[in-house]
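coords_1.cif (mmCIF, C-alpha atoms and all ligand atoms)
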```cif
data_query
loop_
_atom_site.label_atom_id
_atom_site.label_comp_id
_atom_site.auth_asym_id
_atom_site.auth_seq_id
_atom_site.Cartn_x
_atom_site.Cartn_y
_atom_site.Cartn_z
CA MET S 1 0.00 0.00 0.00
CA ASN S 2 1.57 3.31 -1.04
CA LYS S 3 1.31 6.58 0.85
CA ARG S 4 -1.71 7.84 -1.09
CA GLU S 5 -3.59 4.57 -0.60
CA PHE S 6 -2.74 4.63 3.10
CA ILE S 7 -4.14 8.16 3.49
CA ARG S 8 -7.25 7.16 1.57
CA TYR S 9 -7.88 4.01 3.60
CA SER S 10 -7.29 5.92 6.83
CA ALA S 11 -9.96 8.43 5.82
CA LEU S 12 -12.38 5.72 4.78
CA LEU S 13 -11.87 3.75 7.95
CA ALA S 14 -12.29 6.92 10.00
CA GLY S 15 -15.52 7.57 8.10
CA GLY S 16 -16.70 4.03 8.72
CA ALA S 17 -15.90 4.25 12.41
CA LEU S 18 -17.71 7.52 12.80
CA THR S 19 -20.76 6.38 10.89
CA GLY S 20 -20.90 2.86 12.24
CA GLY S 21 -19.99 1.73 8.70
CA ALA S 22 -23.43 2.67 7.49
CA PHE S 23 -22.30 5.11 4.84
CA ILE S 24 -19.03 3.82 3.43
CA SER S 25 -17.81 0.28 3.19
CA CYS S 26 -14.40 -0.69 1.92
CA ASN S 27 -13.03 -4.09 0.86
CA PRO S 28 -9.32 -4.05 1.76
CA GLY S 29 -8.75 -7.13 -0.44
CA THR S 30 -9.94 -5.56 -3.68
CA GLY S 31 -9.76 -1.91 -2.66
CA ALA S 32 -13.36 -1.54 -3.83
CA VAL S 33 -15.20 1.29 -2.15
CA LYS S 34 -18.93 1.36 -1.97
CA LEU S 35 -20.82 4.52 -1.20
CA LYS S 36 -24.30 3.94 0.10
CA ARG S 37 -27.11 6.43 0.22
CA SER S 38 -27.69 7.49 3.75
CA ASP S 39 -30.43 9.14 5.71
CA GLY S 40 -28.01 11.78 7.04
CA ILE S 41 -28.62 15.46 6.56
CA LEU S 42 -26.26 18.33 5.83
CA ASN S 43 -25.58 20.46 8.87
CA LEU S 44 -24.05 23.90 8.20
CA ARG S 45 -22.15 25.78 10.92
CA PHE S 46 -20.17 29.01 10.75
CA THR S 47 -17.84 31.09 12.93
CA PRO S 48 -16.67 34.68 12.33
CA TYR S 49 -12.88 35.12 12.37
CA THR S 50 -10.54 38.05 11.73
CA LEU S 51 -7.32 37.61 9.80
CA GLN S 52 -4.34 39.63 11.00
CA LEU S 53 -2.15 40.74 8.11
CA LYS S 54 1.63 40.59 8.49
CA HIS S 55 2.02 43.84 6.56
CA ALA S 56 -0.57 46.55 5.93
CA PHE S 57 -2.15 45.63 2.57
CA THR S 58 -1.97 48.72 0.41
CA LEU S 59 -3.59 48.95 -3.01
CA SER S 60 -3.87 51.96 -5.26
CA THR S 61 -7.23 52.71 -3.64
CA SER S 62 -7.02 51.59 0.03
CA SER S 63 -4.95 50.18 2.92
CA ARG S 64 -5.85 47.78 5.77
CA THR S 65 -4.35 45.44 8.43
CA THR S 66 -7.16 42.92 8.95
CA THR S 67 -9.64 40.96 6.83
CA PRO S 68 -12.93 39.55 8.14
CA VAL S 69 -13.60 35.91 7.23
CA MET S 70 -16.32 33.41 8.01
CA LEU S 71 -15.17 29.84 8.67
CA THR S 72 -17.82 27.30 7.72
CA GLU S 73 -18.30 23.61 8.32
CA ILE S 74 -20.74 21.19 6.74
CA GLU S 75 -21.17 18.03 8.73
CA TYR S 76 -22.71 14.88 7.37
CA ASN S 77 -22.84 11.63 9.32
CA GLY S 78 -19.92 12.66 11.52
CA ILE S 79 -17.67 13.81 8.65
CA THR S 80 -16.93 17.53 8.44
CA GLY S 81 -16.03 19.58 5.37
CA TYR S 82 -14.33 22.95 5.87
CA GLY S 83 -15.04 26.15 3.97
CA GLU S 84 -14.31 29.85 4.19
CA ALA S 85 -15.60 33.23 3.08
CA SER S 86 -12.95 35.97 2.90
CA MET S 87 -14.49 39.43 2.76
CA PRO S 88 -12.14 42.31 1.97
CA PRO S 89 -14.29 45.42 2.54
CA TYR S 90 -14.25 46.66 -1.05
CA LEU S 91 -16.30 43.64 -2.14
CA GLY S 92 -19.18 44.70 0.10
CA GLU S 93 -19.52 41.59 2.27
CA SER S 94 -19.00 41.48 6.04
CA HIS S 95 -19.41 39.25 9.08
CA GLU S 96 -22.96 40.58 9.36
CA SER S 97 -23.95 39.99 5.74
CA ALA S 98 -22.39 36.51 5.71
CA GLU S 99 -24.17 35.58 8.94
CA ALA S 100 -27.48 36.80 7.55
CA PHE S 101 -26.95 34.85 4.32
CA LEU S 102 -25.77 31.61 5.92
CA THR S 103 -28.56 31.74 8.53
CA SER S 104 -31.09 32.00 5.70
CA LEU S 105 -29.95 28.69 4.19
CA ASP S 106 -31.56 25.39 5.07
CA LEU S 107 -29.18 22.63 3.98
CA SER S 108 -31.03 20.10 6.14
CA GLN S 109 -33.39 19.61 3.16
CA PHE S 110 -30.54 17.74 1.41
CA THR S 111 -29.80 14.14 2.31
CA ASP S 112 -27.21 13.43 -0.41
CA PRO S 113 -24.06 15.61 -0.36
CA PHE S 114 -23.07 14.31 -3.81
CA LEU S 115 -25.89 16.31 -5.42
CA VAL S 116 -23.39 19.16 -5.58
CA GLU S 117 -25.04 20.91 -8.54
CA ASP S 118 -28.43 20.89 -6.77
CA ILE S 119 -27.01 22.15 -3.50
CA VAL S 120 -24.80 24.82 -5.04
CA GLY S 121 -27.71 25.84 -7.28
CA TYR S 122 -29.95 26.25 -4.24
CA VAL S 123 -27.31 28.31 -2.43
CA ASP S 124 -26.69 30.47 -5.49
CA SER S 125 -30.37 31.27 -6.00
CA ALA S 126 -31.09 31.87 -2.29
CA MET S 127 -30.07 35.54 -2.49
CA GLN S 128 -28.30 37.87 -4.91
CA GLY S 129 -24.62 38.68 -4.37
CA ASN S 130 -22.98 37.21 -1.25
CA TYR S 131 -20.39 35.45 -3.43
CA ALA S 132 -17.84 34.92 -0.65
CA ALA S 133 -20.51 33.50 1.66
CA LYS S 134 -21.66 31.25 -1.20
CA ALA S 135 -18.06 30.16 -1.79
CA SER S 136 -17.78 29.16 1.88
CA VAL S 137 -20.61 26.67 1.41
CA ASP S 138 -19.33 25.42 -1.95
CA ILE S 139 -15.81 24.83 -0.57
CA ALA S 140 -17.07 23.00 2.51
CA LEU S 141 -19.29 20.83 0.30
CA HIS S 142 -16.39 19.89 -2.01
CA ASP S 143 -14.22 19.14 1.03
CA LEU S 144 -16.98 16.96 2.44
CA THR S 145 -17.56 14.95 -0.75
CA GLY S 146 -13.81 14.42 -1.09
CA LYS S 147 -13.58 13.17 2.46
CA LEU S 148 -16.59 10.88 1.95
CA THR S 149 -14.91 9.27 -1.06
CA GLY S 150 -11.43 9.33 0.46
CA GLU S 151 -10.09 11.25 -2.57
CA PRO S 152 -8.47 14.68 -2.90
CA CYS S 153 -10.63 17.18 -4.79
CA TYR S 154 -8.15 17.39 -7.69
CA ARG S 155 -8.81 13.71 -8.37
CA LEU S 156 -12.56 14.24 -8.29
CA PHE S 157 -12.04 17.03 -10.86
CA GLY S 158 -9.90 14.64 -12.94
CA LEU S 159 -6.80 16.83 -12.68
CA ASN S 160 -3.10 15.99 -12.60
CA PRO S 161 -1.43 17.40 -9.46
CA GLU S 162 1.92 17.43 -11.30
CA LYS S 163 0.55 20.16 -13.59
CA THR S 164 0.15 22.87 -10.98
CA PRO S 165 1.79 26.10 -12.18
CA LEU S 166 4.32 28.30 -10.45
CA THR S 167 2.67 30.69 -8.03
CA SER S 168 3.56 34.30 -7.44
CA PHE S 169 4.10 36.14 -4.18
CA THR S 170 2.67 39.64 -3.87
CA ILE S 171 4.89 42.55 -2.96
CA GLY S 172 2.65 45.46 -1.87
CA LEU S 173 3.37 49.15 -2.23
CA ASP S 174 5.77 50.28 0.48
CA THR S 175 9.02 52.06 1.27
CA PRO S 176 12.12 50.76 -0.55
CA GLU S 177 13.41 49.29 2.72
CA ILE S 178 10.22 47.28 3.37
CA VAL S 179 10.06 46.24 -0.29
CA ARG S 180 13.56 44.76 -0.01
CA GLN S 181 12.47 42.89 3.14
CA LYS S 182 9.39 41.53 1.37
CA VAL S 183 11.48 40.34 -1.57
CA ASP S 184 13.66 38.42 0.93
CA GLU S 185 10.54 36.83 2.45
CA ALA S 186 9.52 35.75 -1.04
CA ALA S 187 12.70 33.69 -1.51
CA PRO S 188 10.82 30.38 -2.18
CA TYR S 189 8.90 31.95 -5.07
CA ARG S 190 10.08 32.04 -8.66
CA ILE S 191 7.64 34.77 -9.74
CA LEU S 192 6.84 37.97 -7.85
CA LYS S 193 3.70 40.04 -8.18
CA VAL S 194 3.97 43.78 -7.89
CA LYS S 195 1.12 46.12 -7.03
CA LEU S 196 1.27 49.24 -9.17
CA GLY S 197 -1.06 52.18 -9.78
CA ARG S 198 0.62 55.05 -7.97
CA GLU S 199 2.95 57.87 -8.85
CA ASN S 200 6.02 55.80 -7.93
CA ASP S 201 5.41 52.78 -10.18
CA ARG S 202 8.76 52.93 -11.96
CA GLU S 203 10.57 53.44 -8.67
CA MET S 204 8.88 50.34 -7.22
CA ILE S 205 10.00 48.21 -10.15
CA ASP S 206 13.51 49.65 -10.02
CA VAL S 207 13.75 48.89 -6.27
CA ILE S 208 12.66 45.29 -6.86
CA ARG S 209 15.02 44.98 -9.82
CA SER S 210 17.88 46.19 -7.62
CA VAL S 211 17.49 43.09 -5.42
CA THR S 212 16.16 40.35 -7.73
CA ASP S 213 15.93 39.38 -11.41
CA LYS S 214 12.95 37.01 -10.94
CA PRO S 215 10.10 37.36 -13.45
CA LEU S 216 7.39 39.78 -12.29
CA CYS S 217 3.70 40.15 -12.86
CA ALA S 218 2.14 43.55 -12.36
CA ASP S 219 -1.29 44.26 -10.89
CA VAL S 220 -2.52 47.82 -11.22
CA ASN S 221 -5.89 47.24 -9.50
CA GLN S 222 -7.56 49.75 -11.88
CA GLY S 223 -5.11 52.40 -10.73
CA TRP S 224 -4.27 53.95 -14.11
CA LYS S 225 -6.84 55.99 -16.02
CA ASP S 226 -5.11 56.85 -19.29
CA ARG S 227 -4.72 54.23 -22.00
CA GLU S 228 -1.70 55.89 -23.61
CA HIS S 229 0.08 55.86 -20.26
CA ALA S 230 -0.93 52.20 -19.78
CA LEU S 231 0.52 51.26 -23.19
CA GLU S 232 3.75 53.14 -22.53
CA MET S 233 4.04 51.37 -19.15
CA ALA S 234 3.29 47.98 -20.76
CA HIS S 235 6.29 48.43 -23.08
CA TRP S 236 8.51 49.64 -20.23
CA LEU S 237 7.40 46.79 -17.95
CA LYS S 238 8.08 44.20 -20.64
CA GLU S 239 11.65 45.44 -20.82
CA LYS S 240 11.84 45.06 -17.04
CA GLY S 241 10.86 41.37 -17.18
CA VAL S 242 7.15 41.65 -16.41
CA VAL S 243 5.13 38.74 -17.88
CA PHE S 244 1.56 40.08 -17.70
CA LEU S 245 -0.41 43.11 -16.65
CA GLU S 246 -3.50 42.79 -14.49
CA GLN S 247 -6.45 45.22 -14.55
CA PRO S 248 -4.43 48.26 -15.68
CA LEU S 249 -7.50 50.47 -16.15
CA PRO S 250 -10.93 50.57 -14.46
CA GLY S 251 -13.23 47.83 -15.72
CA GLU S 252 -15.74 50.41 -16.98
CA GLN S 253 -13.19 51.71 -19.51
CA LYS S 254 -13.90 48.79 -21.80
CA ASP S 255 -13.04 50.55 -25.06
CA ASP S 256 -9.73 51.74 -23.65
CA LEU S 257 -8.93 48.27 -22.33
CA ALA S 258 -9.75 46.63 -25.66
CA TRP S 259 -7.54 49.22 -27.40
CA LEU S 260 -4.74 48.43 -24.96
CA THR S 261 -5.12 44.64 -25.22
CA GLU S 262 -4.83 44.90 -29.02
CA ARG S 263 -1.55 46.82 -28.80
CA SER S 264 0.06 45.68 -25.56
CA PRO S 265 3.23 43.57 -25.72
CA LEU S 266 2.01 41.96 -22.44
CA PRO S 267 -1.16 39.91 -21.92
CA ILE S 268 -3.85 42.03 -20.23
CA ILE S 269 -5.68 40.13 -17.49
CA GLY S 270 -9.10 41.17 -16.14
CA ASP S 271 -9.63 40.86 -12.39
CA GLU S 272 -11.94 43.42 -10.76
CA ALA S 273 -14.10 43.51 -13.91
CA ILE S 274 -14.46 39.73 -14.10
CA GLN S 275 -16.54 38.44 -11.22
CA ASN S 276 -18.35 35.49 -12.76
CA ALA S 277 -19.05 33.54 -15.93
CA GLY S 278 -21.37 36.20 -17.42
CA ASP S 279 -18.60 38.80 -17.19
CA ILE S 280 -16.31 36.70 -19.37
CA LEU S 281 -18.77 36.76 -22.24
CA THR S 282 -19.22 40.53 -22.09
CA ASN S 283 -15.45 41.07 -21.87
CA LYS S 284 -14.13 38.52 -24.32
CA GLU S 285 -12.72 41.21 -26.65
CA VAL S 286 -11.50 43.34 -23.76
CA TYR S 287 -8.87 41.13 -22.08
CA SER S 288 -6.35 38.45 -23.05
CA GLY S 289 -7.21 36.49 -19.93
CA ILE S 290 -9.03 36.44 -16.61
CA ASN S 291 -8.16 36.14 -12.94
CA ILE S 292 -10.58 33.76 -11.23
CA LYS S 293 -11.06 33.96 -7.46
CA LEU S 294 -13.41 31.76 -5.48
CA MET S 295 -14.59 34.71 -3.39
CA LYS S 296 -15.69 36.63 -6.49
CA CYS S 297 -17.47 33.83 -8.31
CA GLY S 298 -19.04 31.79 -5.48
CA GLY S 299 -16.77 28.75 -5.24
CA LEU S 300 -15.18 25.82 -7.03
CA SER S 301 -18.22 24.83 -9.13
CA SER S 302 -18.50 28.31 -10.60
CA ALA S 303 -14.72 28.68 -11.01
CA LEU S 304 -14.54 25.45 -12.99
CA LYS S 305 -17.25 26.68 -15.36
CA MET S 306 -15.40 29.97 -15.81
CA ILE S 307 -12.18 28.15 -16.69
CA HIS S 308 -13.93 26.15 -19.42
CA ILE S 309 -15.67 29.22 -20.83
CA ALA S 310 -12.41 31.21 -20.90
CA ARG S 311 -10.57 28.36 -22.62
CA ALA S 312 -13.33 28.01 -25.20
CA LEU S 313 -12.83 31.71 -25.98
CA GLY S 314 -9.06 31.29 -26.27
CA MET S 315 -8.33 33.30 -23.13
CA LYS S 316 -5.57 32.86 -20.57
CA VAL S 317 -6.55 31.68 -17.11
CA MET S 318 -5.12 32.79 -13.81
CA ILE S 319 -6.29 31.61 -10.39
CA GLY S 320 -5.98 34.11 -7.59
CA CYS S 321 -7.18 34.64 -4.05
CA MET S 322 -7.89 37.26 -1.44
CA THR S 323 -6.13 37.36 1.91
CA GLU S 324 -7.51 34.03 3.09
CA THR S 325 -6.63 31.15 5.38
CA SER S 326 -5.06 28.01 3.94
CA CYS S 327 -8.59 26.63 3.67
CA ALA S 328 -9.83 28.74 0.74
CA VAL S 329 -6.36 29.10 -0.82
CA THR S 330 -5.89 25.33 -0.90
CA ALA S 331 -9.39 24.85 -2.30
CA ALA S 332 -8.54 27.16 -5.21
CA ALA S 333 -5.23 25.38 -5.70
CA HIS S 334 -7.07 22.15 -6.57
CA LEU S 335 -8.12 23.83 -9.86
CA SER S 336 -4.66 25.23 -10.56
CA PRO S 337 -3.56 22.41 -12.89
CA LEU S 338 -5.95 24.07 -15.38
CA ALA S 339 -4.39 27.54 -15.05
CA ASP S 340 -1.58 29.33 -16.88
CA TRP S 341 -0.58 31.20 -13.74
CA CYS S 342 -1.65 31.30 -10.15
CA ASP S 343 -1.36 33.81 -7.40
CA LEU S 344 -2.11 31.75 -4.31
CA ASP S 345 -0.24 33.44 -1.52
CA GLY S 346 -3.14 34.84 0.54
CA ASN S 347 -2.47 32.49 3.46
CA LEU S 348 1.15 33.63 3.68
CA LEU S 349 0.15 37.25 4.14
CA ILE S 350 -1.55 36.51 7.49
CA SER S 351 -0.13 35.73 10.94
CA ASN S 352 -3.05 33.70 12.40
CA ASP S 353 -3.81 30.95 9.87
CA PRO S 354 -5.98 28.31 11.61
CA PHE S 355 -5.29 25.73 8.87
CA GLU S 356 -2.44 23.95 7.12
CA GLY S 357 -2.87 23.00 3.49
CA LEU S 358 -1.00 23.52 0.25
CA LYS S 359 2.76 23.88 0.26
CA ILE S 360 4.91 25.89 -2.10
CA ILE S 361 7.89 23.80 -3.10
CA ASP S 362 10.45 25.38 -5.41
CA GLY S 363 7.88 28.03 -6.31
CA LYS S 364 5.28 25.50 -7.39
CA VAL S 365 1.90 24.80 -5.80
CA THR S 366 2.04 21.38 -4.16
CA LEU S 367 -1.35 19.95 -3.29
CA PRO S 368 -1.96 17.91 -0.13
CA GLU S 369 -2.71 14.23 -0.76
CA ARG S 370 -5.31 14.14 2.00
CA PRO S 371 -8.98 13.64 0.99
CA GLY S 372 -11.16 16.63 0.12
CA ILE S 373 -9.34 19.94 -0.10
CA GLY S 374 -6.84 18.37 2.27
CA VAL S 375 -6.54 21.00 4.98
CA ILE S 376 -6.09 20.21 8.65
CA LYS S 377 -6.49 22.48 11.66
CA SER S 378 -3.19 24.04 12.76
CA PRO S 379 -1.88 22.65 16.05
MG MG M 1 -5.75 41.67 -9.11
#
```

I'd like the structure from this file rewritten - as structure tokens, please.
Amino acid sequence: MNKREFIRYSALLAGGALTGGAFISCNPGTGAVKLKRSDGILNLRFTPYTLQLKHAFTLSTSSRTTTPVMLTEIEYNGITGYGEASMPPYLGESHESAEAFLTSLDLSQFTDPFLVEDIVGYVDSAMQGNYAAKASVDIALHDLTGKLTGEPCYRLFGLNPEKTPLTSFTIGLDTPEIVRQKVDEAAPYRILKVKLGRENDREMIDVIRSVTDKPLCADVNQGWKDREHALEMAHWLKEKGVVFLEQPLPGEQKDDLAWLTERSPLPIIGDEAIQNAGDILTNKEVYSGINIKLMKCGGLSSALKMIHIARALGMKVMIGCMTETSCAVTAAAHLSPLADWCDLDGNLLISNDPFEGLKIIDGKVTLPERPGIGVIKSP
């Protein structure tokens, strides 16, 4: 029995012990696993939590030192799936809104957690918006179904864990001294992400270039307003070893963005303007690619659909995150074998992560082999 099989059997046996063997039975001789329908019900719980950021997170539009999150659990026959909603203030969700949304849900009407499309569909139609809160349910449900089958989510999605891309580490706007310190902290990463969109953009890049020659990606967070300036910067940034440019102009400036995408030597990636699948269709001529985040789109089910739509339209795919615990970051990482790039460092920007999950080894996302999304509570 190899390591993966051992982990899987351990999970199955734990499931059997907890459920009295009523839900899952496993034949160790043949390895055959049988899932039986059960009369269990889905039990949703949630706890507000506040992430403490290691460094103040400064974008072109705001700065903060904490992020509110909601930690969710869905329990079914003694097995618990973990989920999370991360709610940076600019997205409009909060502890209060997430509590109101999650309280309004009645998952006890479902007796089969494998009816993921039905359950996620119910959650999605329960109320408008609330995408992070919806993602917290979707993630917990995927974690639960993985644990019930004893398989990591990437296997349930049919994905090869060897194909995870390199991930970037974000260097926020700061003084040259702090920027140098952040670049040192990012030593395990082979790509760095730089936040631009202020007066000192060139200085920031020059400071980073004075301490490292690693490839960079640049995220402007809608901070520029002028397309000619954006094009000039795109050429300059390409010379400085930048590989793509994220949301250089406000999403509403569609014509300017399309003009830029046509001329830019760097791929132009939409982030703030691309929340969900519908936004891809209305922006297919505007960007070269999209940045998918579970907290924007409502979870793994929606993110997977967005990836397929973007690919069908010939667009690049990036998977990103907010400042999040290892729970949501690791969940997103399970889809990363389908991405060109990923930016999954949100858990490393906080000092009070309650979970352990994905690892970054030689700059590459390395998925846990444990069932479900594979996170465990930190000791
Ligand atoms: Mg971005």

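Atom CA of S:Glu203 is found 18.9 Å from atom CA of S:Ile191.
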
List as a PyMOL selection string the protein and nucleic acid residues near S:Glu356, meaning an atom at most 6 Å away when only C-alpha atoms are counted, but skip any in the same chain fewer than 4 places from it. chain S and resi 326+375-376+378

Take atom CA of S:Gly363 and atom CA of S:Asn160 and report the distance between them in Å, one decimal. 17.5 Å

Shortest interatomic distance to S:Asp353 - which of S:Leu42, S:Leu294, S:Leu51, S:Met315, counting all atoms listed in the file: S:Leu51

Using only C-alpha atoms and all ligand atoms: which of S:Phe355, S:Trp259, S:Phe244, S:Phe114 has the shortest distance to ligand MG 1 (chain M): S:Phe244

At a cut-off of 10 Å and counting all atoms listed in the file, what residues surround ligand MG 1 (chain M)? Please answer as a VMD selection string. chain S and resid 59 193 195 218 to 222 245 to 248 269 to 273 290 to 293 320 to 322 343

Proximity check stretch 282-323 of chain S to stretch 253-258 of chain S, 8 Å, nearest pairs one decimal Å, only C-alpha atoms, as a tab-separated table:
```
residue	atom	partner	partner_atom	distance
S:Asn283	CA	S:Lys254	CA	7.9
S:Glu285	CA	S:Ala258	CA	6.3
S:Val286	CA	S:Ala258	CA	4.2
S:Tyr287	CA	S:Ala258	CA	6.6
```

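Minimum atom-to-atom distance to S:Cys217, evaluated using all atoms listed in the file, belongs to S:Trp341 out of S:Arg155, S:Arg198, S:Ala303, S:Trp341.
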
Using only C-alpha atoms, which of the listed residues (S:Asn130, S:Thr366, S:Ser136, S:Asn347) sits closest to S:Phe169?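 Counting only C-alpha atoms, the residue closest to S:Phe169 is S:Asn347.
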
Nearby residues (only C-alpha atoms) at most 9 Å from S:Pro368, same-chain spacing under 5 positions excluded, as number ranges by chain: S: 152, 330, 357-359, 373-375

Do you know which residues lie at most 6 Å from (1.9, 29.0, -9.8), with coordinates as in the file and only C-alpha atoms counted, and could you write them as a PyMOL selection string? chain S and resi 165-167+341-342+364-365
